[in-house]
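Asker: Coordinates in run00.txt, compact mmCIF, C-alpha atoms (C1' of nucleotides), are listed below.
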# COMPACT_ATOMS: atom_id res chain seq x y z
CA MET A 10 5.98 -1.65 3.98
CA PRO A 11 3.37 0.50 2.37
CA GLU A 12 -0.11 0.98 3.79
CA LEU A 13 -1.60 4.31 4.73
CA PRO A 14 0.81 5.03 7.64
CA GLU A 15 3.93 4.16 5.65
CA VAL A 16 2.79 6.22 2.67
CA GLU A 17 2.00 9.12 5.01
CA VAL A 18 5.59 8.92 6.30
CA ALA A 19 6.86 8.91 2.72
CA ALA A 20 4.75 12.00 1.95
CA ARG A 21 6.11 13.88 4.99
CA ASN A 22 9.66 12.90 4.08
CA LEU A 23 9.29 14.05 0.48
CA ARG A 24 7.88 17.38 1.66
CA ARG A 25 10.80 17.94 3.99
CA TRP A 26 13.38 16.81 1.47
CA ALA A 27 12.12 18.33 -1.76
CA ILE A 28 9.59 21.17 -1.50
CA GLY A 29 11.15 24.26 -3.05
CA ARG A 30 14.02 22.31 -4.64
CA ARG A 31 14.66 22.20 -8.35
CA VAL A 32 15.26 19.00 -10.34
CA ARG A 33 18.63 18.77 -12.06
CA THR A 34 18.37 15.39 -13.77
CA VAL A 35 16.26 12.25 -13.63
CA GLN A 36 17.34 8.74 -14.54
CA ALA A 37 15.74 5.30 -14.49
CA ASP A 38 17.30 1.87 -14.91
CA ALA A 39 16.13 -0.53 -17.59
CA ARG A 40 13.89 -2.58 -15.33
CA ALA A 41 12.06 0.52 -14.16
CA ARG A 42 10.25 0.42 -17.52
CA ARG A 43 7.73 -1.91 -15.91
CA ILE A 44 6.52 0.70 -13.45
CA LEU A 45 6.99 3.82 -15.58
CA ARG A 46 4.42 5.62 -17.63
CA PRO A 47 5.37 6.79 -20.18
CA ALA A 48 7.36 3.55 -20.29
CA ALA A 49 10.45 4.97 -21.96
CA PRO A 50 12.94 5.98 -19.25
CA ARG A 51 13.97 9.01 -21.28
CA ALA A 52 10.47 10.49 -21.00
CA LEU A 53 11.45 11.36 -17.41
CA ALA A 54 13.52 14.18 -18.85
CA ALA A 55 10.27 16.15 -18.77
CA LEU A 56 10.94 16.67 -15.05
CA ALA A 57 14.30 18.37 -15.54
CA GLY A 58 14.21 21.95 -14.34
CA ALA A 59 10.89 21.56 -12.54
CA ARG A 60 10.51 22.64 -8.91
CA PHE A 61 8.77 20.62 -6.19
CA GLU A 62 5.68 22.51 -5.06
CA ASP A 63 3.37 20.10 -3.26
CA VAL A 64 3.13 16.49 -2.05
CA ARG A 65 -0.27 15.03 -1.26
CA ARG A 66 -1.33 11.56 -0.18
CA ARG A 67 -4.64 9.96 -1.07
CA GLY A 68 -4.92 6.47 0.35
CA LYS A 69 -1.72 4.71 -0.69
CA ASN A 70 -1.09 7.13 -3.54
CA LEU A 71 1.47 9.93 -3.54
CA LEU A 72 0.52 12.88 -5.74
CA VAL A 73 3.49 15.16 -6.31
CA THR A 74 3.09 18.52 -8.05
CA LEU A 75 6.02 20.37 -9.58
CA THR A 76 6.01 23.77 -11.24
CA LYS A 77 7.57 24.11 -14.63
CA GLY A 78 8.15 27.13 -16.81
CA ARG A 79 5.79 30.07 -16.35
CA GLY A 80 2.67 28.86 -14.60
CA GLY A 81 3.03 25.31 -15.91
CA HIS A 82 2.83 22.14 -13.83
CA ILE A 83 3.82 18.52 -14.09
CA GLY A 84 2.80 15.73 -11.72
CA ILE A 85 4.19 12.47 -10.46
CA TRP A 86 1.77 9.75 -9.41
CA SER A 87 3.72 7.37 -7.19
CA HIS A 88 2.36 4.15 -5.70
CA LEU A 89 4.70 2.02 -3.62
CA GLY A 90 3.15 -1.34 -4.44
CA MET A 91 4.49 -4.01 -2.08
CA THR A 92 8.14 -2.99 -1.78
CA GLY A 93 8.47 0.61 -2.96
CA LYS A 94 10.38 3.21 -0.92
CA TRP A 95 11.45 6.81 -1.32
CA LEU A 96 14.98 7.22 -0.02
CA ARG A 97 17.35 10.16 0.30
CA ARG A 98 21.07 10.04 -0.38
CA ARG A 99 23.80 12.52 -1.11
CA THR A 100 24.12 12.78 -4.88
CA ARG A 101 27.74 11.65 -4.71
CA ASP A 102 26.91 8.53 -2.66
CA ALA A 103 26.12 5.07 -3.98
CA PRO A 104 22.45 4.43 -4.73
CA PRO A 105 20.51 2.14 -2.38
CA ARG A 106 19.65 -1.45 -3.28
CA PHE A 107 16.87 -1.84 -5.84
CA ALA A 108 17.03 1.84 -6.83
CA ARG A 109 14.93 2.27 -9.98
CA VAL A 110 14.48 6.01 -10.45
CA ARG A 111 16.80 8.75 -9.23
CA ILE A 112 15.99 12.44 -9.07
CA ASP A 113 19.02 14.68 -8.54
CA LEU A 114 18.11 17.95 -6.81
CA ASP A 115 19.86 21.29 -6.84
CA ASP A 116 21.14 20.98 -3.26
CA GLY A 117 23.38 17.91 -3.55
CA VAL A 118 20.61 15.55 -2.53
CA THR A 119 19.25 12.72 -4.65
CA LEU A 120 15.84 11.17 -4.16
CA HIS A 121 15.75 7.48 -5.06
CA TYR A 122 12.64 5.50 -5.75
CA ALA A 123 13.62 1.92 -4.86
CA ASP A 124 11.37 -1.06 -5.51
CA MET A 125 12.51 -4.66 -5.31
CA ARG A 126 9.44 -6.37 -6.71
CA LEU A 127 8.36 -3.64 -9.15
CA PHE A 128 4.70 -3.72 -8.21
CA GLY A 129 4.73 0.05 -7.72
CA ARG A 130 3.93 2.85 -10.13
CA PHE A 131 5.76 5.94 -11.25
CA ARG A 132 3.73 7.94 -13.69
CA LEU A 133 4.13 11.41 -15.08
CA VAL A 134 0.87 13.34 -15.09
CA PRO A 135 0.63 16.20 -17.60
CA ASP A 136 -0.31 19.51 -15.94
CA ALA A 137 -0.53 17.59 -12.61
CA ARG A 138 -4.20 16.96 -13.36
CA PHE A 139 -4.55 14.01 -10.99
CA GLU A 140 -8.34 14.24 -10.95
CA SER A 141 -8.37 13.25 -14.60
CA LEU A 142 -6.98 9.83 -13.68
CA ALA A 143 -9.80 7.33 -13.30
CA ASP A 144 -8.04 5.37 -10.55
CA ILE A 145 -7.48 8.49 -8.47
CA ALA A 146 -10.95 9.90 -9.07
CA ALA A 147 -12.50 6.62 -7.90
CA LEU A 148 -10.82 6.70 -4.50
CA GLY A 149 -13.07 7.33 -1.52
CA PRO A 150 -12.38 9.98 1.13
CA ASP A 151 -9.04 9.46 2.85
CA PRO A 152 -9.55 8.06 6.37
CA LEU A 153 -6.77 10.09 8.00
CA ASN A 154 -7.30 13.39 6.17
CA ASP A 155 -11.08 13.33 5.84
CA GLY A 156 -12.29 10.93 8.52
CA ILE A 157 -14.57 7.93 7.97
CA ASP A 158 -18.24 8.51 7.20
CA VAL A 159 -20.05 5.66 8.95
CA ASP A 160 -23.32 6.18 7.07
CA ARG A 161 -21.53 5.98 3.75
CA LEU A 162 -19.77 2.82 4.94
CA LYS A 163 -23.12 1.29 5.86
CA ASP A 164 -24.66 2.20 2.49
CA ARG A 165 -21.75 0.85 0.52
CA LEU A 166 -21.69 -2.44 2.44
CA ALA A 167 -25.45 -2.97 2.54
CA ARG A 168 -25.45 -5.51 -0.30
CA THR A 169 -21.95 -6.93 0.10
CA ARG A 170 -21.78 -10.59 1.00
CA LEU A 171 -17.98 -10.57 1.17
CA PRO A 172 -16.36 -11.09 4.57
CA ILE A 173 -15.88 -7.71 6.24
CA LYS A 174 -12.09 -8.14 6.25
CA VAL A 175 -12.09 -8.55 2.48
CA ALA A 176 -14.63 -5.78 1.88
CA ILE A 177 -12.68 -3.06 3.69
CA LEU A 178 -9.66 -3.58 1.44
CA ASP A 179 -11.63 -1.90 -1.37
CA GLN A 180 -9.73 1.33 -2.03
CA THR A 181 -12.85 3.11 -3.29
CA LEU A 182 -14.34 2.46 0.14
CA LEU A 183 -11.44 3.09 2.52
CA PRO A 184 -8.36 4.16 0.57
CA GLY A 185 -5.13 3.39 2.35
CA VAL A 186 -6.49 0.50 4.42
CA GLY A 187 -4.38 -2.57 3.63
CA ASN A 188 -3.96 -6.09 4.88
CA ILE A 189 -2.35 -5.12 8.18
CA GLN A 190 -4.65 -2.24 9.11
CA ALA A 191 -7.70 -4.35 8.19
CA SER A 192 -6.79 -7.05 10.75
CA GLU A 193 -5.77 -4.45 13.33
CA GLY A 194 -8.92 -2.38 12.95
CA LEU A 195 -11.20 -5.41 13.25
CA PHE A 196 -9.35 -6.57 16.36
CA ARG A 197 -9.68 -3.18 18.02
CA ALA A 198 -13.38 -3.16 17.13
CA GLY A 199 -13.96 -6.71 18.42
CA ILE A 200 -15.47 -7.83 15.10
CA ASP A 201 -14.99 -11.28 13.54
CA PRO A 202 -13.27 -10.77 10.15
CA ARG A 203 -15.30 -13.63 8.63
CA ARG A 204 -18.69 -11.97 9.07
CA ALA A 205 -20.56 -10.89 5.96
CA ALA A 206 -20.06 -7.16 5.46
CA LYS A 207 -23.80 -6.57 5.13
CA SER A 208 -24.47 -8.12 8.54
CA LEU A 209 -22.70 -5.39 10.51
CA SER A 210 -24.88 -2.94 12.40
CA ARG A 211 -24.30 0.79 12.27
CA ALA A 212 -22.89 0.66 15.80
CA GLU A 213 -20.43 -2.05 14.78
CA LEU A 214 -19.34 -0.07 11.74
CA ALA A 215 -18.82 2.97 13.95
CA ARG A 216 -16.59 0.83 16.17
CA LEU A 217 -14.73 -0.41 13.11
CA ALA A 218 -14.17 3.13 11.86
CA ARG A 219 -12.79 4.06 15.26
CA GLY A 220 -10.61 0.93 15.38
CA LEU A 221 -9.12 1.60 11.97
CA LEU A 222 -8.35 5.23 12.75
CA ASP A 223 -6.88 4.33 16.14
CA SER A 224 -4.67 1.71 14.54
CA ILE A 225 -3.53 4.05 11.76
CA ARG A 226 -2.68 6.82 14.25
CA TYR A 227 -0.96 4.41 16.63
CA THR A 228 1.16 3.00 13.79
CA LEU A 229 2.17 6.51 12.71
CA LYS A 230 3.10 7.43 16.27
CA THR A 231 5.20 4.29 16.59
CA PHE A 232 7.11 5.14 13.41
CA LYS A 233 7.79 8.60 14.72
CA GLN A 234 9.05 7.42 18.11
CA SER A 235 11.28 4.80 16.55
CA GLY A 236 12.79 7.22 14.08
CA ALA A 237 11.51 5.11 11.20
CA ASP A 238 10.09 8.25 9.64
CA GLY A 239 13.60 9.43 8.96
CA ALA A 240 13.10 12.60 10.97
CA GLY A 241 16.02 11.97 13.23
CA SER A 242 18.56 11.34 10.53
CA ASP A 243 19.95 13.92 8.19
CA ILE A 244 20.57 11.88 5.09
CA GLU A 245 19.68 8.24 5.47
CA TYR A 246 16.08 7.26 5.51
CA VAL A 247 16.09 4.67 8.27
CA GLU A 248 15.90 1.47 6.34
CA GLU A 249 17.46 -1.23 8.37
CA ARG A 250 16.69 -0.08 11.88
CA ARG A 251 14.87 -2.76 13.74
CA ILE A 252 11.64 -1.42 15.10
CA ALA A 253 9.26 -3.25 17.35
CA ASN A 254 6.28 -4.79 15.53
CA PRO A 255 3.56 -2.20 16.20
CA SER A 256 0.78 -4.68 15.42
CA LEU A 257 -1.53 -6.10 18.06
CA VAL A 258 -2.45 -9.21 16.05
CA TYR A 259 -0.93 -9.05 12.55
CA GLY A 260 1.90 -11.57 12.23
CA ARG A 261 1.27 -12.85 15.76
CA ALA A 262 -0.29 -16.26 15.15
CA GLY A 263 0.20 -18.47 18.21
CA GLU A 264 0.85 -15.57 20.56
CA PRO A 265 -1.58 -14.81 23.39
CA CYS A 266 -4.37 -12.35 22.65
CA PRO A 267 -3.19 -8.97 23.94
CA ARG A 268 -6.65 -8.31 25.43
CA HIS A 269 -7.22 -11.26 27.74
CA LYS A 270 -4.22 -13.59 27.22
CA ARG A 271 -6.37 -16.69 27.65
CA ASP A 272 -6.55 -17.55 23.98
CA THR A 273 -4.12 -17.36 21.08
CA ILE A 274 -4.19 -15.31 17.90
CA VAL A 275 -5.03 -17.41 14.85
CA ARG A 276 -4.12 -16.99 11.20
CA ILE A 277 -6.60 -17.75 8.44
CA VAL A 278 -6.59 -17.02 4.71
CA GLN A 279 -9.28 -14.89 3.08
CA ALA A 280 -9.19 -13.91 -0.59
CA GLN A 281 -5.65 -15.33 -0.79
CA ARG A 282 -4.44 -13.07 2.03
CA ALA A 283 -3.55 -13.69 5.65
CA THR A 284 -5.96 -12.54 8.35
CA PHE A 285 -5.09 -12.55 12.07
CA PHE A 286 -7.67 -12.42 14.84
CA CYS A 287 -8.80 -13.68 18.24
CA ARG A 288 -11.70 -16.14 18.20
CA LYS A 289 -12.70 -15.22 21.72
CA CYS A 290 -12.99 -11.47 21.60
CA GLN A 291 -13.93 -10.89 17.99
CA ARG A 292 -17.57 -11.66 17.32
C1' DA B 19 13.92 -26.66 -2.02
C1' DC B 20 9.79 -24.75 -0.38
C1' DC B 21 6.57 -21.44 1.40
C1' DC B 22 5.39 -16.73 2.23
C1' DG B 23 4.70 -11.77 1.17
C1' DT B 24 2.20 -4.69 3.78
C1' DG B 25 -0.83 -4.51 -3.56
C1' DT B 26 -3.28 -4.36 -7.68
C1' DT B 27 -5.13 -6.00 -12.18
C1' DC B 28 -7.06 -9.07 -15.39
C1' DG B 29 -9.80 -12.80 -17.27
C1' DC B 30 -13.19 -16.09 -16.30
C1' DT B 31 -17.53 -17.84 -14.15
C1' DG B 32 -22.07 -18.35 -12.47
C1' DT C 4 -24.63 -7.25 -15.68
C1' DC C 5 -21.53 -7.89 -12.31
C1' DA C 6 -19.90 -9.54 -7.79
C1' DG C 7 -16.56 -12.65 -6.69
C1' DC C 8 -12.72 -15.81 -7.47
C1' DG C 9 -8.03 -17.19 -8.56
C1' DA C 10 -3.95 -16.44 -11.23
C1' DA C 11 -0.47 -13.36 -12.37
C1' DC C 12 3.03 -9.86 -11.83
C1' DA C 13 8.70 -10.15 -9.71
C1' DC C 14 12.03 -11.14 -6.51
C1' DG C 15 13.67 -11.91 -2.47
C1' DG C 16 13.65 -13.54 2.73
C1' DG C 17 13.24 -17.16 6.10
For the file at hand, write its structure as structure tokens.

Answerer:
Amino acid sequence: MPELPEVEVAARNLRRWAIGRRVRTVQADARARRILRPAAPRALAALAGARFEDVRRRGKNLLVTLTKGRGGHIGIWSHLGMTGKWLRRRTRDAPPRFARVRIDLDDGVTLHYADMRLFGRFRLVPDARFESLADIAALGPDPLNDGIDVDRLKDRLARTRLPIKVAILDQTLLPGVGNIQASEGLFRAGIDPRRAAKSLSRAELARLARGLLDSIRYTLKTFKQSGADGAGSDIEYVEERRIANPSLVYGRAGEPCPRHKRDTIVRIVQAQRATFFCRKCQR
DNA sequence: ACCCGTGTTCGCTG
DNA sequence: TCAGCGAACACGGG
């Protein structure tokens, strides 16, 4: 379930599990070829012997730096796509379902990158020079790490006729905001998702920035309290634990609006994606 | 059997 | 020239 909060959890997990550890071996299954770059699974051997030094998150991207040899570095650019997960298992245990890449560490732990639909990415980055990647360089400031600059938002949206819900999914504008957080942020801000992006006032955009950040932080807090961040379990990343839906409106078509309960949440489709909102309190 | 899906990219169009 | 649109990717889950 990867938007900014889920990827942030993955980053924290990887730090706790791997920083300081050395890579023994790396393996990928045949279908992983689709998400790998270089595409040949054996190219992953370049990671053998490297030591995890740093894990950063920019939007939905995980940027992992490992040290190798004397002063050398190698990077992993990981994107979870729709169904990607980083999981931890004992090396001797069976791999999880849909495991695509496994990294055996020097402490008996194996990190598995699992991805059912293979929309994710797993790319080796020579010298860990992530800034040299066009897609990474193009990302805007990260909302959680850097905050949201309302004036920049206003400038960037000044000529955009797209509906605001569609516009804020642009990762060069608000990296990490996805389909869930977009609906949630607009609900918290009381803004109709169908409005043209350019029609929003500065005050409305300030409310939207606040709504998005509140929703992101609330979602993170919910993961933590439910144990879905894996912090409470020693080995198993909590995969199957049922956690309460932390969304106010996403996936809640037909349910009463959580604000006034006198109208129901509706589902519409914008740019081929579901949007949830309340007609009464979002203008 | 049918519809839906938390993401991104690509080719086409006006 | 480029913003915007729709298909495509792959594989379940309900």

Asker: Which one of A:Ile44, A:Ala20, A:Ile28, A:Ile200 sits closest to chain C if you count all atoms listed in the file?

Answerer: A:Ile44

Asker: Taking only C-alpha atoms (C1' of nucleotides) into account, find every residue of chain A that has an atom no more than 10 Å from chain B, and write it out as a compact mmCIF listing (two decimals) with C-alpha atoms, in the frame of the given file.

Answerer:
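Written output follows (iface.txt):
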# COMPACT_ATOMS: atom_id res chain seq x y z
CA MET A 10 5.98 -1.65 3.98
CA PRO A 11 3.37 0.50 2.37
CA GLU A 12 -0.11 0.98 3.79
CA LEU A 13 -1.60 4.31 4.73
CA GLU A 15 3.93 4.16 5.65
CA LYS A 69 -1.72 4.71 -0.69
CA HIS A 88 2.36 4.15 -5.70
CA LEU A 89 4.70 2.02 -3.62
CA GLY A 90 3.15 -1.34 -4.44
CA MET A 91 4.49 -4.01 -2.08
CA THR A 92 8.14 -2.99 -1.78
CA PHE A 128 4.70 -3.72 -8.21
CA GLY A 129 4.73 0.05 -7.72
CA GLY A 187 -4.38 -2.57 3.63
CA ASN A 188 -3.96 -6.09 4.88
CA ILE A 189 -2.35 -5.12 8.18
CA GLN A 190 -4.65 -2.24 9.11
CA ARG A 282 -4.44 -13.07 2.03
CA ALA A 283 -3.55 -13.69 5.65

Asker: Emit as lines of an AutoDock Vina configuration file the padded axis-aligned box for all listed atoms of chain C, 8 Å per side, with centre and edge lengths in Å to one decimal.

Answerer:
center_x = -5.5
center_y = -12.2
center_z = -4.8
size_x = 54.3
size_y = 25.9
size_z = 37.8

Asker: Show me, as a list in words, the residues of chain C whose atoms get within 10 Å of chain A, using only C-alpha atoms (C1' of nucleotides) for the distance check.

Answerer: DA6, DG7, DC8, DG9, DC12, DA13, DC14 and DG15 of chain C

Asker: From the options A:Gly68, A:Ala54, A:Asp63, A:Asp116, which residue's atoms come nearest to Arg31 (chain A), counting all atoms listed in the file?

Answerer: A:Asp116

Asker: CA of Pro135 (chain A) to CA of His82 (chain A): how many Å, to one decimal?

Answerer: 7.4 Å

Asker: Rounded to one decimal place, report the CA of Leu222 (chain A)-CA of Ser192 (chain A) distance in Å.

Answerer: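 CA of Leu222 (chain A) sits 12.5 Å away from CA of Ser192 (chain A).
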
Asker: Can you tell me which residues surround Val275 (chain A) at a distance of at most 6 Å, considering all atoms listed in the file, apart from same-chain residues fewer than 4 positions away, and format the answer as a ChimeraX atom specification?

Answerer: /A:262,285-286

Asker: Would you work out the distance separating CA of Arg42 (chain A) from CA of Arg132 (chain A), expressed in Å to one decimal?

Answerer: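 Atom-to-atom, CA of Arg42 (chain A) and CA of Arg132 (chain A) are spaced 10.7 Å apart.
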
Asker: At a cut-off of 12 Å from (13.2, 0.6, -15.2) in the coordinates of the file, what residues are picked up using all atoms listed in the file, written as a PyMOL selection string?

Answerer: chain A and resi 36-53+107-111+122-131

Asker: Name all residues at most 8 Å from Glu62 (chain A) (count all atoms listed in the file; drop same-chain ones fewer than 3 positions away) and give them as a PyMOL selection string.

Answerer: chain A and resi 28-29+73-76

Asker: Would you be able to write out as an NGL selection string which residues have an atom within 9 Å of (12.1, 26.5, -14.4) in the file's coordinates, counting only C-alpha atoms (C1' of nucleotides)?

Answerer: :A and (31 or 57-60 or 76-79)
